[in-house]
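Down below is the structure, laid out as structure tokens.
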Amino acid sequence: MAVKVEVWGDFACFSRPEMKVERISYDVMTPSAARGLLEAIYWHPGMKWRIDNIYVLSPIHMTNIKRNEVKSKILASNVKGAMTGGRSELFINTSDDIQQRSSLVLQNVHYVMEAHFELTEKANETDNAGKFQDIIKRRLHRGQCYHQPYFGCREFPARFREWKGGVIPAIEETRDLGYMLWDMDYSNPREITPMFFHAKLENGIVHVGDCEVVR
């Protein structure tokens with residue numbers, strides 16, 4: 001069943017994986033980010049979100065910002081050592097590990113995500129499409145979510161509501177967006193594989209449902 005959700009916010013950063021040091025955002029929200037937004041609103045093991053289209057409602061504007069980040073992380077070996085009675089340090093000293101990085105992010109973003117969901121093998125006998133549809137619409141109406149949805153980075157929160165309008169007023173712009181991250185393949189836990197697709201913005205719409213995915 002199709003669901004249309006309107007999301008908007010002040011900033012967004014859908015980081016390009018080929019940029020190793022500085023964060024540079026894609027021009028448009030990625031399908032994996034859209035799926036993450038929807039899962040923040042409603043997730044259930046008996047269903048799986050599929051993104052069909054992403055409508056861009058606001059002109060694409062980029063801006064440069066600088067943020068303080070930490071350059072290290074707590075090692076799993078330290079955690080294991082602490083659990084076995086060792087004296088491993090389980091903290092990050094920001095005064096030693098902090099570093100300033102520049103980011104090229106999107107500003108004043110506004111999208112409508114058109115998606116549908118499919119039942120999975122984990123759905124039980126009481127689960128059905130109508131039940132999930134009612135729950136999703138009720139949560140959208142109440143503004144409920146499991147955690148704050150965000151645009152790529154947690155410091156860029158997203159506001160959301162159900163799209164109840166008619167024709168979606170996407171921007172009148174067409175451009176080739178190049179290869180964009182579609183999602184991650186977690187079928188092999190030892191070798192997580194990124195999947196990409198050739199994204200195109202056609203009259204303000206990124207068509208995802210019929211795209212060809214490459215690894």
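By order in the structure tokens, chains are A, B, ...; within a chain, residues start at 1; ligands start at 1, following the order shown.
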- prompt: Which residues come within 8 Å of A:Phe197, counting only C-alpha atoms, excluding same-chain residues fewer than 5 positions away, as a VMD selection string?
  reply: chain A and resid 179 to 182 211 to 214
Contact residues around stretch 153-170 of chain A with only C-alpha atoms at 6 Å, ignoring same-chain residues under 2 positions, as a VMD selection string
chain A and resid 4 to 9 11 to 12 55 to 57 140 149 to 151 204
- Query: Quick one: residues within 12 Å of A:Gly46, only C-alpha atoms counted, chain neighbours fewer than 2 positions away excluded, as number ranges by chain?
  - Reply: A: 42-44, 48-49, 117-129, 131-132
Dump N, CA and C atoms for the selected residues as a short mmCIF file (atom, residue, chain, number, x, y, z; two decimals), in the first residue's frame?
```
data_model
loop_
_atom_site.label_atom_id
_atom_site.label_comp_id
_atom_site.auth_asym_id
_atom_site.auth_seq_id
_atom_site.Cartn_x
_atom_site.Cartn_y
_atom_site.Cartn_z
N TYR A 42 7.79 4.40 11.90
CA TYR A 42 7.19 3.10 12.23
C TYR A 42 8.03 1.98 11.63
N TRP A 43 8.44 1.07 12.50
CA TRP A 43 9.19 -0.12 12.09
C TRP A 43 8.56 -1.34 12.73
N HIS A 44 8.54 -2.43 11.98
CA HIS A 44 8.01 -3.69 12.49
C HIS A 44 8.73 -4.81 11.76
N LYS A 48 8.58 -4.41 5.51
CA LYS A 48 9.80 -3.79 5.01
C LYS A 48 9.43 -2.66 4.08
N TRP A 49 10.04 -1.48 4.30
CA TRP A 49 9.75 -0.31 3.49
C TRP A 49 10.46 -0.39 2.14
N PHE A 117 5.08 -0.68 1.53
CA PHE A 117 5.71 -1.69 2.37
C PHE A 117 5.28 -3.08 1.93
N GLU A 118 6.15 -4.03 2.21
CA GLU A 118 5.89 -5.43 1.88
C GLU A 118 5.97 -6.25 3.16
N LEU A 119 5.16 -7.27 3.25
CA LEU A 119 5.21 -8.16 4.41
C LEU A 119 6.42 -9.08 4.28
N THR A 120 7.06 -9.37 5.41
CA THR A 120 8.22 -10.25 5.43
C THR A 120 7.85 -11.60 6.04
N GLU A 121 8.83 -12.49 6.03
CA GLU A 121 8.61 -13.83 6.59
C GLU A 121 8.44 -13.80 8.10
N LYS A 122 8.76 -12.66 8.72
CA LYS A 122 8.61 -12.53 10.18
C LYS A 122 7.22 -12.04 10.59
N ALA A 123 6.36 -11.78 9.61
CA ALA A 123 4.99 -11.38 9.93
C ALA A 123 4.23 -12.57 10.53
N ASN A 124 3.45 -12.31 11.56
CA ASN A 124 2.68 -13.40 12.17
C ASN A 124 1.27 -13.44 11.60
N GLU A 125 0.44 -14.31 12.14
CA GLU A 125 -0.89 -14.54 11.58
C GLU A 125 -1.80 -13.32 11.70
N THR A 126 -1.56 -12.48 12.68
CA THR A 126 -2.43 -11.30 12.88
C THR A 126 -1.97 -10.09 12.09
N ASP A 127 -0.81 -10.18 11.45
CA ASP A 127 -0.28 -9.06 10.68
C ASP A 127 -0.84 -9.06 9.27
N ASN A 128 -1.23 -7.89 8.79
CA ASN A 128 -1.71 -7.76 7.42
C ASN A 128 -1.50 -6.32 6.97
N ALA A 129 -1.63 -6.09 5.68
CA ALA A 129 -1.36 -4.77 5.11
C ALA A 129 -2.29 -3.71 5.68
N LYS A 131 -3.76 -3.57 8.60
CA LYS A 131 -3.37 -3.26 9.98
C LYS A 131 -2.20 -2.29 10.01
N PHE A 132 -1.16 -2.58 9.23
CA PHE A 132 0.01 -1.71 9.20
C PHE A 132 -0.34 -0.34 8.64
#
```
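Among A:Tyr146, A:Phe91, A:Tyr186, A:Tyr111, the residue with the shortest atom-to-atom distance to A:Ala33, counting only C-alpha atoms, is A:Tyr111.
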- From a DSSP pass on the backbone, collect the residues of chain A flagged as strand (DSSP E) and hand them back as a PyMOL selection string. chain A and resi 2-12+23-24+47-56+62-70+98-119+159-162+175-185+193-202+205-207+213-214
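Ranking A:Met47, A:Ala82, A:Val3, A:Ile54 by their shortest atom-to-atom distance to A:Leu201, with only C-alpha atoms included, puts A:Ile54 first.
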